[in-house]
Amino acid sequence: MSLLQIGSRERGYQEWRLVSGALADISEALEVFQPHRDTRKITVFGSARTVASDACYELAEQLARSAVEAGFEVMTGAGGGIMEAANSGAGCEASIGLNVDLPFEQHPNRFVSSCGGRLLHFRYFFTRKLFFLRESDALVVLPGGFGTLDELFESLTLIQTGRTPPIPLVLLAPPGDAFWSGWQRDVNQGLAARGLISPEDGDLLIEAHSAEEAVERISHFYRLFHSARLGDDRIELLLKAPLQAEQLDDLNHRFDDLVDQGMIQASETVDDHGLLRPCLYFHFNRRRIGRLYQLLEQLNDLALPPDQALEQPGRRKPAPQP
């Protein structure tokens, strides 16, 4: 619906405050993210109440440092606790903060508030969530309360329904901390046992117990896979290198149940930076997103020619040649 149509129907102050605030959030966010589109971003979710002496705080710092070393930027909700730790570990030049106006708890932490052009103030949760998912190339969730679990479930819902392209979602906790193991047992396995989700939906989640493991799993997700374009019943998987004929045949054999009609085919397409890339395309069952993640795992495990150079996982396009 256009603004003209809204204007012909709505006259109330609250309605126009909502429209104006949402559009302002979107406009300001697009302007901030535009210069950073070439670098992949890892979003870190977790409790704002986690204190500096907590093992999760130190783990979030380590995660952010490892992510930056691997070429990624780090995005948080800009608050305290886990968010503060992640921004501290990433440093000002590799941090982005998406703050939201709240009456308590949510004040920008000192590690991102002084970063020029890297802190956004959202008026609404829904526009903030939109940009968390739109701009994230990976999600890492540490233990948290209602807000953290809300972000986790919203992300899972959008991934499982194919409303956002596939990205890795890592559940991270310190060694010996059973927070996520218990959560997955009670929620994920319980839902699958009752037929409320597909058995393979568990593959949408990766559990890790160290910063290095989390970043390694995210980097592996982008080893050969570059990005995806989702249509109503068709998907394009953009790759960093072409497949051999026997590798494509093997994928068609292993993932025949994922393809609604026809078969997985190899081709080429132009990415968002105007670069020609090899790709795979096929018609697929959008209810089988878990199987799509299994296919991506298989892709990224494929052996490549020894002289095949791959782009850095943290970048969306090749680094400029010296």
# chains A, B, ... in the order shown; residues from 1 in each chain; ligands from 1

call {"tool": "residues_around", "arguments": {"residues": "segment 164-181 of chain A", "least_positions_apart": "4", "cutoff": "6 Å", "atoms": "only C-alpha atoms", "output": "count of residues only"}}
result
14

call {"tool": "select_by_dssp", "arguments": {"residues": "segment 88-196 of chain A", "states": "strand (DSSP E or B)", "output": "list in words"}}
result
Ser95, Ile96, Gly97, Leu98, Asn99, Val100, Leu119, Leu120, His121, Phe122, Ala138, Leu139, Val140, Val141, Leu169, Val170, Leu171 and Leu172 of chain A

call {"tool": "select_by_dssp", "arguments": {"residues": "segment 121-169 of chain A", "states": "alpha helix (DSSP H)", "output": "ChimeraX atom specification"}}
result
/A:125-135,146-160

call {"tool": "write_last_selection", "arguments": {"atoms": "N, CA and C atoms", "output": "PDB file, in the first residue's frame"}}
result
ATOM      1  N   PHE A 125      10.971  -1.944  17.729  1.00  0.00           N
ATOM      2  CA  PHE A 125      11.598  -3.258  17.709  1.00  0.00           C
ATOM      3  C   PHE A 125      11.490  -3.906  16.332  1.00  0.00           C
ATOM      4  N   PHE A 126      10.341  -3.739  15.645  1.00  0.00           N
ATOM      5  CA  PHE A 126      10.156  -4.473  14.399  1.00  0.00           C
ATOM      6  C   PHE A 126      11.092  -3.985  13.302  1.00  0.00           C
ATOM      7  N   THR A 127      11.403  -2.686  13.269  1.00  0.00           N
ATOM      8  CA  THR A 127      12.355  -2.215  12.263  1.00  0.00           C
ATOM      9  C   THR A 127      13.781  -2.629  12.641  1.00  0.00           C
ATOM     10  N   ARG A 128      14.067  -2.652  13.922  1.00  0.00           N
ATOM     11  CA  ARG A 128      15.382  -3.122  14.383  1.00  0.00           C
ATOM     12  C   ARG A 128      15.580  -4.595  14.020  1.00  0.00           C
ATOM     13  N   LYS A 129      14.565  -5.419  14.275  1.00  0.00           N
ATOM     14  CA  LYS A 129      14.659  -6.840  13.934  1.00  0.00           C
ATOM     15  C   LYS A 129      14.817  -7.033  12.429  1.00  0.00           C
ATOM     16  N   LEU A 130      14.123  -6.215  11.652  1.00  0.00           N
ATOM     17  CA  LEU A 130      14.241  -6.294  10.200  1.00  0.00           C
ATOM     18  C   LEU A 130      15.694  -6.166   9.770  1.00  0.00           C
ATOM     19  N   PHE A 131      16.420  -5.202  10.342  1.00  0.00           N
ATOM     20  CA  PHE A 131      17.793  -4.970   9.911  1.00  0.00           C
ATOM     21  C   PHE A 131      18.773  -5.951  10.543  1.00  0.00           C
ATOM     22  N   PHE A 132      18.462  -6.481  11.709  1.00  0.00           N
ATOM     23  CA  PHE A 132      19.304  -7.551  12.243  1.00  0.00           C
ATOM     24  C   PHE A 132      19.370  -8.704  11.249  1.00  0.00           C
ATOM     25  N   LEU A 133      18.207  -9.136  10.755  1.00  0.00           N
ATOM     26  CA  LEU A 133      18.186 -10.271   9.834  1.00  0.00           C
ATOM     27  C   LEU A 133      18.618  -9.868   8.433  1.00  0.00           C
ATOM     28  N   ARG A 134      18.253  -8.694   8.004  1.00  0.00           N
ATOM     29  CA  ARG A 134      18.596  -8.265   6.640  1.00  0.00           C
ATOM     30  C   ARG A 134      20.101  -8.127   6.448  1.00  0.00           C
ATOM     31  N   GLU A 135      20.805  -7.674   7.468  1.00  0.00           N
ATOM     32  CA  GLU A 135      22.229  -7.361   7.331  1.00  0.00           C
ATOM     33  C   GLU A 135      23.143  -8.427   7.921  1.00  0.00           C
ATOM     34  N   PHE A 146      14.118 -13.331  28.104  1.00  0.00           N
ATOM     35  CA  PHE A 146      13.016 -13.252  27.154  1.00  0.00           C
ATOM     36  C   PHE A 146      13.429 -12.568  25.850  1.00  0.00           C
ATOM     37  N   GLY A 147      14.169 -11.451  25.970  1.00  0.00           N
ATOM     38  CA  GLY A 147      14.549 -10.721  24.768  1.00  0.00           C
ATOM     39  C   GLY A 147      15.446 -11.539  23.862  1.00  0.00           C
ATOM     40  N   THR A 148      16.415 -12.231  24.453  1.00  0.00           N
ATOM     41  CA  THR A 148      17.329 -13.074  23.668  1.00  0.00           C
ATOM     42  C   THR A 148      16.575 -14.216  23.009  1.00  0.00           C
ATOM     43  N   LEU A 149      15.684 -14.871  23.756  1.00  0.00           N
ATOM     44  CA  LEU A 149      14.929 -15.987  23.195  1.00  0.00           C
ATOM     45  C   LEU A 149      13.952 -15.511  22.128  1.00  0.00           C
ATOM     46  N   ASP A 150      13.415 -14.314  22.298  1.00  0.00           N
ATOM     47  CA  ASP A 150      12.549 -13.737  21.261  1.00  0.00           C
ATOM     48  C   ASP A 150      13.336 -13.552  19.966  1.00  0.00           C
ATOM     49  N   GLU A 151      14.553 -13.014  20.075  1.00  0.00           N
ATOM     50  CA  GLU A 151      15.392 -12.833  18.879  1.00  0.00           C
ATOM     51  C   GLU A 151      15.730 -14.173  18.246  1.00  0.00           C
ATOM     52  N   LEU A 152      15.996 -15.177  19.073  1.00  0.00           N
ATOM     53  CA  LEU A 152      16.310 -16.507  18.556  1.00  0.00           C
ATOM     54  C   LEU A 152      15.113 -17.100  17.820  1.00  0.00           C
ATOM     55  N   PHE A 153      13.939 -17.070  18.440  1.00  0.00           N
ATOM     56  CA  PHE A 153      12.765 -17.678  17.820  1.00  0.00           C
ATOM     57  C   PHE A 153      12.337 -16.918  16.566  1.00  0.00           C
ATOM     58  N   GLU A 154      12.434 -15.602  16.587  1.00  0.00           N
ATOM     59  CA  GLU A 154      12.079 -14.847  15.379  1.00  0.00           C
ATOM     60  C   GLU A 154      13.029 -15.205  14.243  1.00  0.00           C
ATOM     61  N   SER A 155      14.325 -15.297  14.545  1.00  0.00           N
ATOM     62  CA  SER A 155      15.301 -15.660  13.517  1.00  0.00           C
ATOM     63  C   SER A 155      15.017 -17.059  12.984  1.00  0.00           C
ATOM     64  N   LEU A 156      14.763 -18.003  13.884  1.00  0.00           N
ATOM     65  CA  LEU A 156      14.464 -19.370  13.477  1.00  0.00           C
ATOM     66  C   LEU A 156      13.216 -19.426  12.595  1.00  0.00           C
ATOM     67  N   THR A 157      12.198 -18.668  12.963  1.00  0.00           N
ATOM     68  CA  THR A 157      10.959 -18.666  12.187  1.00  0.00           C
ATOM     69  C   THR A 157      11.191 -18.163  10.772  1.00  0.00           C
ATOM     70  N   LEU A 158      11.929 -17.073  10.638  1.00  0.00           N
ATOM     71  CA  LEU A 158      12.175 -16.501   9.320  1.00  0.00           C
ATOM     72  C   LEU A 158      13.074 -17.405   8.478  1.00  0.00           C
ATOM     73  N   ILE A 159      14.022 -18.073   9.114  1.00  0.00           N
ATOM     74  CA  ILE A 159      14.882 -19.001   8.383  1.00  0.00           C
ATOM     75  C   ILE A 159      14.087 -20.240   7.963  1.00  0.00           C
ATOM     76  N   GLN A 160      13.328 -20.818   8.911  1.00  0.00           N
ATOM     77  CA  GLN A 160      12.610 -22.059   8.631  1.00  0.00           C
ATOM     78  C   GLN A 160      11.539 -21.870   7.563  1.00  0.00           C
TER      79      GLN A 160
END

call {"tool": "residues_around", "arguments": {"residues": "Leu63 of chain A", "least_positions_apart": "2", "cutoff": "10 Å", "atoms": "only C-alpha atoms", "output": "JSON, numbers by chain"}}
result
{"A": [42, 44, 57, 58, 59, 60, 61, 65, 66, 67, 68, 69, 74, 85, 86, 89, 90, 140, 172, 210, 211, 212, 213, 214, 215]}

call {"tool": "closest_residue", "arguments": {"among": "A:His253, A:Arg37, A:Arg123, A:Arg287", "to": "Asp201 of chain A", "atoms": "only C-alpha atoms"}}
result
A:Arg287

call {"tool": "closest_residue", "arguments": {"among": "A:Ile218, A:Pro143, A:Leu237, A:Thr269", "to": "Gly182 of chain A", "atoms": "only C-alpha atoms"}}
result
A:Pro143

call {"tool": "closest_residue", "arguments": {"among": "A:Cys279, A:Leu310, A:Ala94, A:Ala48", "to": "Ile82 of chain A", "atoms": "only C-alpha atoms"}}
result
A:Ala48

call {"tool": "closest_residue", "arguments": {"among": "A:Ser113, A:Asn252, A:Gln34, A:Thr39", "to": "Glu311 of chain A", "atoms": "only C-alpha atoms"}}
result
A:Thr39
